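Enquirer: Input query.txt, format and content: compact mmCIF, C-alpha atoms.
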# COMPACT_ATOMS: atom_id res chain seq x y z
CA MET A 1 101.58 -22.39 23.67
CA SER A 2 102.67 -25.69 25.18
CA SER A 3 102.88 -26.10 28.94
CA GLY A 4 106.29 -25.29 30.36
CA THR A 5 107.45 -23.59 27.17
CA LEU A 6 107.92 -19.83 27.21
CA PRO A 7 107.45 -17.91 23.96
CA SER A 8 110.52 -16.24 22.55
CA THR A 9 110.99 -12.58 23.54
CA ALA A 10 113.86 -11.87 21.18
CA TYR A 11 112.31 -8.79 19.62
CA HIS A 12 114.59 -6.16 21.16
CA ASP A 13 115.87 -5.07 17.75
CA LEU A 14 112.47 -3.72 16.73
CA PRO A 15 112.61 0.01 15.91
CA TYR A 16 111.11 2.28 18.54
CA THR A 17 107.88 4.06 17.65
CA ARG A 18 105.22 5.51 19.90
CA GLY A 19 102.08 3.48 20.32
CA GLY A 20 101.91 0.12 18.62
CA THR A 21 100.56 -1.69 15.62
CA VAL A 22 97.50 -3.22 17.31
CA ASP A 23 94.48 -1.50 18.83
CA ARG A 24 92.77 -2.38 22.09
CA ALA A 25 90.11 -4.63 20.50
CA GLU A 26 92.74 -6.59 18.60
CA VAL A 27 94.86 -7.01 21.72
CA GLY A 28 92.05 -8.77 23.58
CA ALA A 29 91.51 -11.22 20.73
CA LEU A 30 95.24 -11.86 20.38
CA VAL A 31 95.68 -12.53 24.09
CA ARG A 32 92.85 -15.06 24.07
CA ALA A 33 94.31 -16.74 21.00
CA ALA A 34 97.79 -16.83 22.56
CA VAL A 35 96.35 -18.47 25.68
CA ASP A 36 94.99 -21.18 23.41
CA GLY A 37 98.46 -21.79 22.01
CA ASP A 38 98.42 -19.63 18.88
CA ALA A 39 102.11 -18.80 18.29
CA ALA A 40 101.26 -16.26 15.58
CA ALA A 41 99.02 -14.39 18.02
CA TRP A 42 101.83 -14.27 20.59
CA LYS A 43 104.24 -12.92 17.98
CA ALA A 44 101.70 -10.28 16.94
CA LEU A 45 101.33 -9.20 20.58
CA VAL A 46 105.08 -8.86 21.06
CA GLU A 47 105.56 -6.99 17.79
CA GLY A 48 102.54 -4.75 18.37
CA LEU A 49 103.15 -3.88 22.02
CA SER A 50 106.95 -3.84 22.19
CA PRO A 51 107.01 -0.13 21.22
CA LEU A 52 104.90 0.61 24.30
CA VAL A 53 107.21 -1.39 26.57
CA TRP A 54 110.25 0.32 25.08
CA SER A 55 108.67 3.75 25.54
CA VAL A 56 108.35 3.04 29.26
CA VAL A 57 111.93 1.82 29.52
CA ARG A 58 113.32 4.82 27.65
CA ALA A 59 111.22 7.24 29.69
CA HIS A 60 113.07 5.98 32.78
CA ARG A 61 116.46 6.54 31.14
CA LEU A 62 117.93 3.16 31.93
CA SER A 63 121.23 2.01 30.47
CA ASP A 64 121.03 -0.22 27.41
CA ALA A 65 121.88 -3.31 29.45
CA ASP A 66 119.34 -2.52 32.17
CA GLY A 67 116.74 -1.58 29.58
CA HIS A 68 117.07 -4.88 27.73
CA GLU A 69 116.90 -6.78 31.01
CA VAL A 70 113.70 -4.99 31.99
CA TYR A 71 112.24 -5.62 28.54
CA GLN A 72 112.93 -9.35 28.76
CA THR A 73 111.61 -9.52 32.33
CA VAL A 74 108.36 -7.79 31.36
CA TRP A 75 107.63 -10.24 28.56
CA PHE A 76 108.63 -13.18 30.73
CA ARG A 77 106.14 -12.09 33.40
CA PHE A 78 103.51 -11.47 30.75
CA ALA A 79 103.97 -15.04 29.46
CA GLN A 80 103.69 -16.35 33.03
CA HIS A 81 100.44 -14.47 33.68
CA LEU A 82 98.94 -14.70 30.20
CA GLY A 83 96.15 -17.07 31.15
CA ARG A 84 95.29 -15.14 34.32
CA ILE A 85 94.84 -11.64 32.86
CA ARG A 86 91.22 -10.80 33.69
CA GLU A 87 90.79 -8.10 31.05
CA PRO A 88 92.72 -9.20 27.94
CA ASP A 89 91.90 -6.01 26.04
CA LYS A 90 93.90 -4.09 28.67
CA ALA A 91 97.05 -6.15 28.17
CA GLY A 92 98.85 -2.99 27.02
CA SER A 93 98.09 -1.31 30.33
CA TRP A 94 99.28 -4.42 32.20
CA LEU A 95 102.55 -4.44 30.24
CA ALA A 96 103.11 -0.72 30.74
CA SER A 97 102.48 -0.90 34.47
CA THR A 98 104.74 -3.94 34.84
CA ALA A 99 107.49 -2.25 32.82
CA ARG A 100 107.29 0.85 35.01
CA ASN A 101 107.52 -1.25 38.18
CA GLU A 102 110.53 -3.17 36.84
CA CYS A 103 112.25 0.09 35.86
CA LEU A 104 111.72 1.51 39.32
CA LYS A 105 113.17 -1.65 40.87
CA VAL A 106 116.31 -1.20 38.79
CA ILE A 107 116.56 2.49 39.70
CA ARG A 108 116.11 1.78 43.42
CA GLY A 109 118.82 -0.86 43.20
CA LEU A 110 121.18 1.58 41.50
CA THR A 111 120.61 4.34 44.04
CA ARG A 112 121.28 1.92 46.90
CA LEU A 113 124.52 0.79 45.30
CA LEU A 114 125.72 4.17 44.04
CA PRO A 115 124.87 7.08 46.36
CA THR A 116 125.17 10.27 44.36
CA ASP A 117 124.08 13.87 44.14
CA ASP A 118 124.39 13.85 40.35
CA PRO A 119 121.17 15.55 39.15
CA GLN A 120 121.18 13.42 35.99
CA VAL A 121 120.90 10.29 38.13
CA LEU A 122 118.49 11.79 40.65
CA ASP A 123 116.28 13.01 37.81
CA ARG A 124 116.43 9.68 36.00
CA VAL A 125 112.64 9.37 36.09
CA SER A 126 111.08 12.21 34.15
CA GLU A 127 108.31 14.15 35.84
CA ASP A 128 106.51 14.45 32.53
CA ARG A 129 103.59 12.10 31.97
CA THR A 130 105.07 8.95 30.50
CA PRO A 131 103.35 7.10 27.65
CA GLU A 132 102.26 4.22 29.86
CA GLN A 133 100.87 6.59 32.50
CA SER A 134 98.81 8.36 29.85
CA LEU A 135 97.46 4.99 28.71
CA ILE A 136 96.68 3.82 32.24
CA ASP A 137 95.06 7.15 33.15
CA ALA A 138 92.90 7.10 30.01
CA GLU A 139 91.71 3.56 30.72
CA ASP A 140 91.08 4.34 34.39
CA GLU A 141 89.00 7.37 33.40
CA ALA A 142 86.99 5.30 30.93
CA ASP A 143 86.40 2.62 33.56
CA GLU A 144 85.33 5.18 36.16
CA ALA A 145 82.90 6.81 33.71
CA GLU A 146 81.38 3.40 32.96
CA ARG A 147 81.03 2.61 36.69
CA ILE A 148 79.27 5.91 37.28
CA ARG A 149 76.95 5.31 34.32
CA LEU A 150 76.01 1.87 35.66
CA LEU A 151 75.57 3.24 39.17
CA TRP A 152 72.99 5.78 38.06
CA GLN A 153 71.32 3.30 35.74
CA GLU A 154 70.79 0.87 38.62
CA PHE A 155 69.84 3.71 40.96
CA GLU A 156 66.94 4.59 38.66
CA GLU A 157 65.72 0.98 38.88
CA LEU A 158 65.27 1.22 42.67
CA GLY A 159 61.80 1.86 44.02
CA ASP A 160 60.51 5.41 44.43
CA ARG A 161 60.91 5.31 48.22
CA CYS A 162 64.61 4.37 48.00
CA ARG A 163 65.34 6.90 45.28
CA GLN A 164 63.67 9.72 47.21
CA LEU A 165 65.45 8.88 50.45
CA LEU A 166 68.91 8.48 48.92
CA ARG A 167 68.58 11.69 46.88
CA VAL A 168 67.62 13.66 50.00
CA LEU A 169 70.47 12.16 52.01
CA MET A 170 72.95 13.04 49.22
CA ALA A 171 72.13 16.73 49.52
CA SER A 172 74.93 19.09 50.51
CA PRO A 173 74.97 19.98 53.32
CA PRO A 174 73.26 16.74 54.40
CA PRO A 175 69.91 17.26 56.15
CA SER A 176 69.22 16.04 59.65
CA TYR A 177 67.07 12.95 60.13
CA VAL A 178 64.35 15.20 61.57
CA GLU A 179 64.33 17.22 58.34
CA VAL A 180 64.24 14.02 56.29
CA SER A 181 61.37 12.74 58.42
CA VAL A 182 59.34 15.89 57.81
CA ALA A 183 60.13 15.99 54.08
CA LEU A 184 59.38 12.33 53.30
CA GLY A 185 57.00 11.33 56.07
CA ILE A 186 59.31 8.62 57.40
CA ALA A 187 59.72 8.02 61.13
CA VAL A 188 63.13 9.19 62.34
CA GLY A 189 63.92 5.74 63.72
CA SER A 190 63.18 4.13 60.34
CA ILE A 191 65.47 6.32 58.23
CA GLY A 192 68.76 4.57 59.08
CA PRO A 193 67.52 0.99 58.54
CA LEU A 194 65.73 1.98 55.33
CA ARG A 195 68.86 3.69 54.06
CA GLN A 196 70.90 0.53 54.69
CA ARG A 197 68.33 -1.66 52.92
CA CYS A 198 68.31 0.65 49.91
CA LEU A 199 72.10 0.72 49.70
CA ARG A 200 72.30 -3.07 50.01
CA ARG A 201 69.74 -3.40 47.22
CA LEU A 202 71.72 -1.01 45.03
CA ARG A 203 74.98 -2.83 45.73
CA ALA A 204 73.40 -6.18 44.92
CA ARG A 205 72.24 -4.85 41.57
CA LEU A 206 75.72 -3.50 40.82
CA ASP A 207 77.34 -6.77 41.91
CA ALA A 208 75.08 -8.65 39.54
CA ARG A 209 76.42 -6.50 36.69
CA GLY A 210 80.02 -6.75 37.83
CA ALA A 211 80.18 -3.00 38.41
CA VAL A 212 81.55 -3.04 41.96
Would you write the structure of this file as structure tokens?
Expert:
Amino acid sequence: MSSGTLPSTAYHDLPYTRGGTVDRAEVGALVRAAVDGDAAAWKALVEGLSPLVWSVVRAHRLSDADGHEVYQTVWFRFAQHLGRIREPDKAGSWLASTARNECLKVIRGLTRLLPTDDPQVLDRVSEDRTPEQSLIDAEDEADEAERIRLLWQEFEELGDRCRQLLRVLMASPPPSYVEVSVALGIAVGSIGPLRQRCLRRLRARLDARGAV
């Protein structure tokens, strides 16, 4: 898309359906194409992910006017940040989180302007898990599982001495340094420095894989 030109976001008449018409792998490719100026890719993103944005807006029970304003703001911000999204395949999560934040801004503004004890207003945000929260939670869980997998993979690549020491120190309840010294034959005064060296080595390996 040309510099200084925002893509159109006039898709608010799309019917509401849960989910979208693009999957996570497609989203990443479409975002990258849109960054390169592909107008068709941008349109596919808006059409495919608008149902998700609308599901967030409707979950917060905004008025039609406020809902449309939030919708437009979300896509405007997405266009602004399009080239800076670090994980394009998670664009749906970015949109959902942004939509939620914009909805909460509107709600906070309304409560400041219109003090009320009306339970329908006070309960405007449902306590049920919203669609975007389910998406964000699922992606966070997948990311955490991958980080743990990489952690243990790199842990196994450490030398025997580091693996033995760190495993012993991870025991619950943790052993004293005297007990560690007896078990592994390491001088008490050497345990702390060795532990730090092993952890630095592990962190460096994880950094190299972008897992930290």
Enquirer: Of the residues A:Val74, A:Val31, A:Leu194, A:Leu165, which is the one nearest to Val180 in chain A, using only C-alpha atoms?
Expert: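 Looking only at the distances to Val180 in chain A, the closest residue turns out to be A:Leu165.
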Enquirer: Restricting the calculation to all atoms listed in the file: of A:Leu49, A:Val56, A:Cys198, A:Val106, which residue gets closest to Leu158 in chain A?
Expert: A:Cys198
Enquirer: For Cys103 in chain A, which residue among A:Gly67, A:Pro51, A:Gly192, A:Gly83 is the nearest when counting only C-alpha atoms?
Expert: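 Counting only C-alpha atoms, the residue closest to Cys103 in chain A is A:Gly67.
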Enquirer: Could you list, as a list of chain:residue names, every residue within 12 Å of Trp94 in chain A, counting only C-alpha atoms and ignoring same-chain residues fewer than 4 positions away?
Expert: A:Val27, A:Leu49, A:Leu52, A:Val53, A:Val74, A:Trp75, A:Arg77, A:Phe78, A:Ala79, A:His81, A:Leu82, A:Arg84, A:Ile85, A:Arg86, A:Glu87, A:Pro88, A:Asp89, A:Lys90, A:Thr98, A:Ala99, A:Arg100, A:Asn101, A:Glu132, A:Gln133, A:Leu135, A:Ile136, A:Glu139
Enquirer: Which residue out of A:Leu184, A:Ala91, A:Gly159, A:Ala145 has the minimum interatomic distance to Leu199 in chain A when all atoms listed in the file are used?
Expert: A:Gly159
Enquirer: Around (117.3, -1.7, 31.3) in the file's own coordinates, what residues are found within 12 Å if you use only C-alpha atoms, given back as a compact mmCIF listing (two decimals) with C-alpha atoms, in the coordinates of the input?
Expert:
# COMPACT_ATOMS: atom_id res chain seq x y z
CA HIS A 12 114.59 -6.16 21.16
CA VAL A 53 107.21 -1.39 26.57
CA TRP A 54 110.25 0.32 25.08
CA SER A 55 108.67 3.75 25.54
CA VAL A 56 108.35 3.04 29.26
CA VAL A 57 111.93 1.82 29.52
CA ARG A 58 113.32 4.82 27.65
CA ALA A 59 111.22 7.24 29.69
CA HIS A 60 113.07 5.98 32.78
CA ARG A 61 116.46 6.54 31.14
CA LEU A 62 117.93 3.16 31.93
CA SER A 63 121.23 2.01 30.47
CA ASP A 64 121.03 -0.22 27.41
CA ALA A 65 121.88 -3.31 29.45
CA ASP A 66 119.34 -2.52 32.17
CA GLY A 67 116.74 -1.58 29.58
CA HIS A 68 117.07 -4.88 27.73
CA GLU A 69 116.90 -6.78 31.01
CA VAL A 70 113.70 -4.99 31.99
CA TYR A 71 112.24 -5.62 28.54
CA GLN A 72 112.93 -9.35 28.76
CA THR A 73 111.61 -9.52 32.33
CA VAL A 74 108.36 -7.79 31.36
CA ALA A 99 107.49 -2.25 32.82
CA ARG A 100 107.29 0.85 35.01
CA ASN A 101 107.52 -1.25 38.18
CA GLU A 102 110.53 -3.17 36.84
CA CYS A 103 112.25 0.09 35.86
CA LEU A 104 111.72 1.51 39.32
CA LYS A 105 113.17 -1.65 40.87
CA VAL A 106 116.31 -1.20 38.79
CA ILE A 107 116.56 2.49 39.70
CA LEU A 110 121.18 1.58 41.50
Enquirer: Could you tell me how far CA of Gly28 in chain A sits from CA of Ser93 in chain A, in Å to one decimal place?
Expert: 11.7 Å
Enquirer: Take CA of Leu169 in chain A and CA of Gln196 in chain A and report the distance between them in Å, one decimal.
Expert: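 Distance between the two atoms: 11.9 Å.
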Enquirer: May I ask which of the residues A:Ala96, A:Val168, A:Ala208, A:Cys162 is the closest one to Pro193 in chain A, counting all atoms listed in the file?
Expert: A:Cys162
Enquirer: Rounded to one decimal, what separation in Å do you get between CA of Ser97 in chain A and CA of Asp36 in chain A?
Expert: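 So the two atoms, CA of Ser97 in chain A and CA of Asp36 in chain A, lie 24.3 Å apart.
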Enquirer: Could you check which of A:Phe76, A:Ile191, A:Ala34, A:Glu154 is closest to Pro175 in chain A, using only C-alpha atoms?
Expert: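 Closest residue, counting only C-alpha atoms: A:Ile191.
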Enquirer: Kindly reconstruct range 200-211 of chain A with all heavy atoms and present the result as a PDB file, keeping the file's coordinate frame.
Expert:
ATOM      1  N   ARG A 200      72.013  -1.657  50.265  1.00  0.00           N
ATOM      2  CA  ARG A 200      72.300  -3.070  50.010  1.00  0.00           C
ATOM      3  C   ARG A 200      71.658  -3.522  48.706  1.00  0.00           C
ATOM      4  O   ARG A 200      72.251  -4.280  47.935  1.00  0.00           O
ATOM      5  CB  ARG A 200      71.804  -3.936  51.178  1.00  0.00           C
ATOM      6  CG  ARG A 200      72.720  -3.920  52.397  1.00  0.00           C
ATOM      7  CD  ARG A 200      72.415  -5.091  53.321  1.00  0.00           C
ATOM      8  NE  ARG A 200      71.057  -5.015  53.844  1.00  0.00           N
ATOM      9  CZ  ARG A 200      70.730  -4.405  54.991  1.00  0.00           C
ATOM     10  NH1 ARG A 200      71.679  -3.815  55.723  1.00  0.00           N
ATOM     11  NH2 ARG A 200      69.501  -4.390  55.407  1.00  0.00           N
ATOM     12  N   ARG A 201      70.424  -3.040  48.459  1.00  0.00           N
ATOM     13  CA  ARG A 201      69.740  -3.400  47.220  1.00  0.00           C
ATOM     14  C   ARG A 201      70.491  -2.851  46.009  1.00  0.00           C
ATOM     15  O   ARG A 201      70.662  -3.532  45.002  1.00  0.00           O
ATOM     16  CB  ARG A 201      68.313  -2.841  47.251  1.00  0.00           C
ATOM     17  CG  ARG A 201      67.406  -3.375  46.151  1.00  0.00           C
ATOM     18  CD  ARG A 201      66.019  -2.801  46.312  1.00  0.00           C
ATOM     19  NE  ARG A 201      65.493  -3.039  47.656  1.00  0.00           N
ATOM     20  CZ  ARG A 201      64.451  -2.403  48.161  1.00  0.00           C
ATOM     21  NH1 ARG A 201      63.842  -1.458  47.461  1.00  0.00           N
ATOM     22  NH2 ARG A 201      64.019  -2.685  49.367  1.00  0.00           N
ATOM     23  N   LEU A 202      70.969  -1.617  46.127  1.00  0.00           N
ATOM     24  CA  LEU A 202      71.720  -1.010  45.030  1.00  0.00           C
ATOM     25  C   LEU A 202      73.032  -1.761  44.789  1.00  0.00           C
ATOM     26  O   LEU A 202      73.402  -2.043  43.646  1.00  0.00           O
ATOM     27  CB  LEU A 202      72.006   0.461  45.340  1.00  0.00           C
ATOM     28  CG  LEU A 202      72.843   1.233  44.316  1.00  0.00           C
ATOM     29  CD1 LEU A 202      72.162   1.233  42.947  1.00  0.00           C
ATOM     30  CD2 LEU A 202      73.089   2.671  44.784  1.00  0.00           C
ATOM     31  N   ARG A 203      73.709  -2.105  45.874  1.00  0.00           N
ATOM     32  CA  ARG A 203      74.980  -2.830  45.730  1.00  0.00           C
ATOM     33  C   ARG A 203      74.769  -4.203  45.110  1.00  0.00           C
ATOM     34  O   ARG A 203      75.571  -4.657  44.292  1.00  0.00           O
ATOM     35  CB  ARG A 203      75.664  -2.968  47.095  1.00  0.00           C
ATOM     36  CG  ARG A 203      77.065  -3.579  46.989  1.00  0.00           C
ATOM     37  CD  ARG A 203      77.768  -3.631  48.314  1.00  0.00           C
ATOM     38  NE  ARG A 203      79.139  -4.093  48.140  1.00  0.00           N
ATOM     39  CZ  ARG A 203      80.155  -3.307  47.842  1.00  0.00           C
ATOM     40  NH1 ARG A 203      79.970  -2.008  47.703  1.00  0.00           N
ATOM     41  NH2 ARG A 203      81.370  -3.805  47.689  1.00  0.00           N
ATOM     42  N   ALA A 204      73.689  -4.867  45.493  1.00  0.00           N
ATOM     43  CA  ALA A 204      73.400  -6.180  44.920  1.00  0.00           C
ATOM     44  C   ALA A 204      73.172  -6.082  43.423  1.00  0.00           C
ATOM     45  O   ALA A 204      73.622  -6.939  42.650  1.00  0.00           O
ATOM     46  CB  ALA A 204      72.184  -6.800  45.610  1.00  0.00           C
ATOM     47  N   ARG A 205      72.489  -5.043  42.999  1.00  0.00           N
ATOM     48  CA  ARG A 205      72.240  -4.850  41.570  1.00  0.00           C
ATOM     49  C   ARG A 205      73.552  -4.584  40.831  1.00  0.00           C
ATOM     50  O   ARG A 205      73.774  -5.094  39.726  1.00  0.00           O
ATOM     51  CB  ARG A 205      71.254  -3.704  41.344  1.00  0.00           C
ATOM     52  CG  ARG A 205      69.869  -3.938  41.900  1.00  0.00           C
ATOM     53  CD  ARG A 205      68.935  -2.783  41.560  1.00  0.00           C
ATOM     54  NE  ARG A 205      68.698  -2.729  40.123  1.00  0.00           N
ATOM     55  CZ  ARG A 205      67.667  -3.338  39.508  1.00  0.00           C
ATOM     56  NH1 ARG A 205      66.798  -4.038  40.216  1.00  0.00           N
ATOM     57  NH2 ARG A 205      67.528  -3.249  38.200  1.00  0.00           N
ATOM     58  N   LEU A 206      74.429  -3.792  41.444  1.00  0.00           N
ATOM     59  CA  LEU A 206      75.720  -3.500  40.820  1.00  0.00           C
ATOM     60  C   LEU A 206      76.608  -4.735  40.799  1.00  0.00           C
ATOM     61  O   LEU A 206      77.306  -4.990  39.810  1.00  0.00           O
ATOM     62  CB  LEU A 206      76.413  -2.357  41.575  1.00  0.00           C
ATOM     63  CG  LEU A 206      75.749  -0.982  41.442  1.00  0.00           C
ATOM     64  CD1 LEU A 206      76.371   0.007  42.424  1.00  0.00           C
ATOM     65  CD2 LEU A 206      75.863  -0.450  40.014  1.00  0.00           C
ATOM     66  N   ASP A 207      76.560  -5.522  41.876  1.00  0.00           N
ATOM     67  CA  ASP A 207      77.340  -6.770  41.910  1.00  0.00           C
ATOM     68  C   ASP A 207      76.911  -7.694  40.783  1.00  0.00           C
ATOM     69  O   ASP A 207      77.736  -8.351  40.141  1.00  0.00           O
ATOM     70  CB  ASP A 207      77.157  -7.473  43.254  1.00  0.00           C
ATOM     71  CG  ASP A 207      77.995  -6.851  44.363  1.00  0.00           C
ATOM     72  OD1 ASP A 207      78.990  -6.159  44.038  1.00  0.00           O
ATOM     73  OD2 ASP A 207      77.649  -7.038  45.545  1.00  0.00           O
ATOM     74  N   ALA A 208      75.606  -7.763  40.564  1.00  0.00           N
ATOM     75  CA  ALA A 208      75.080  -8.650  39.540  1.00  0.00           C
ATOM     76  C   ALA A 208      75.576  -8.259  38.137  1.00  0.00           C
ATOM     77  O   ALA A 208      75.689  -9.087  37.240  1.00  0.00           O
ATOM     78  CB  ALA A 208      73.553  -8.647  39.563  1.00  0.00           C
ATOM     79  N   ARG A 209      75.908  -6.981  37.981  1.00  0.00           N
ATOM     80  CA  ARG A 209      76.420  -6.500  36.690  1.00  0.00           C
ATOM     81  C   ARG A 209      77.932  -6.388  36.667  1.00  0.00           C
ATOM     82  O   ARG A 209      78.509  -5.912  35.702  1.00  0.00           O
ATOM     83  CB  ARG A 209      75.777  -5.147  36.364  1.00  0.00           C
ATOM     84  CG  ARG A 209      74.277  -5.238  36.192  1.00  0.00           C
ATOM     85  CD  ARG A 209      73.685  -4.004  35.599  1.00  0.00           C
ATOM     86  NE  ARG A 209      74.241  -3.667  34.297  1.00  0.00           N
ATOM     87  CZ  ARG A 209      73.758  -2.714  33.518  1.00  0.00           C
ATOM     88  NH1 ARG A 209      72.707  -2.019  33.903  1.00  0.00           N
ATOM     89  NH2 ARG A 209      74.310  -2.452  32.352  1.00  0.00           N
ATOM     90  N   GLY A 210      78.568  -6.812  37.767  1.00  0.00           N
ATOM     91  CA  GLY A 210      80.020  -6.750  37.830  1.00  0.00           C
ATOM     92  C   GLY A 210      80.554  -5.344  37.855  1.00  0.00           C
ATOM     93  O   GLY A 210      81.673  -5.083  37.403  1.00  0.00           O
ATOM     94  N   ALA A 211      79.787  -4.409  38.423  1.00  0.00           N
ATOM     95  CA  ALA A 211      80.180  -3.000  38.410  1.00  0.00           C
ATOM     96  C   ALA A 211      80.795  -2.537  39.712  1.00  0.00           C
ATOM     97  O   ALA A 211      81.084  -1.365  39.872  1.00  0.00           O
ATOM     98  CB  ALA A 211      78.965  -2.131  38.076  1.00  0.00           C
TER      99      ALA A 211
END
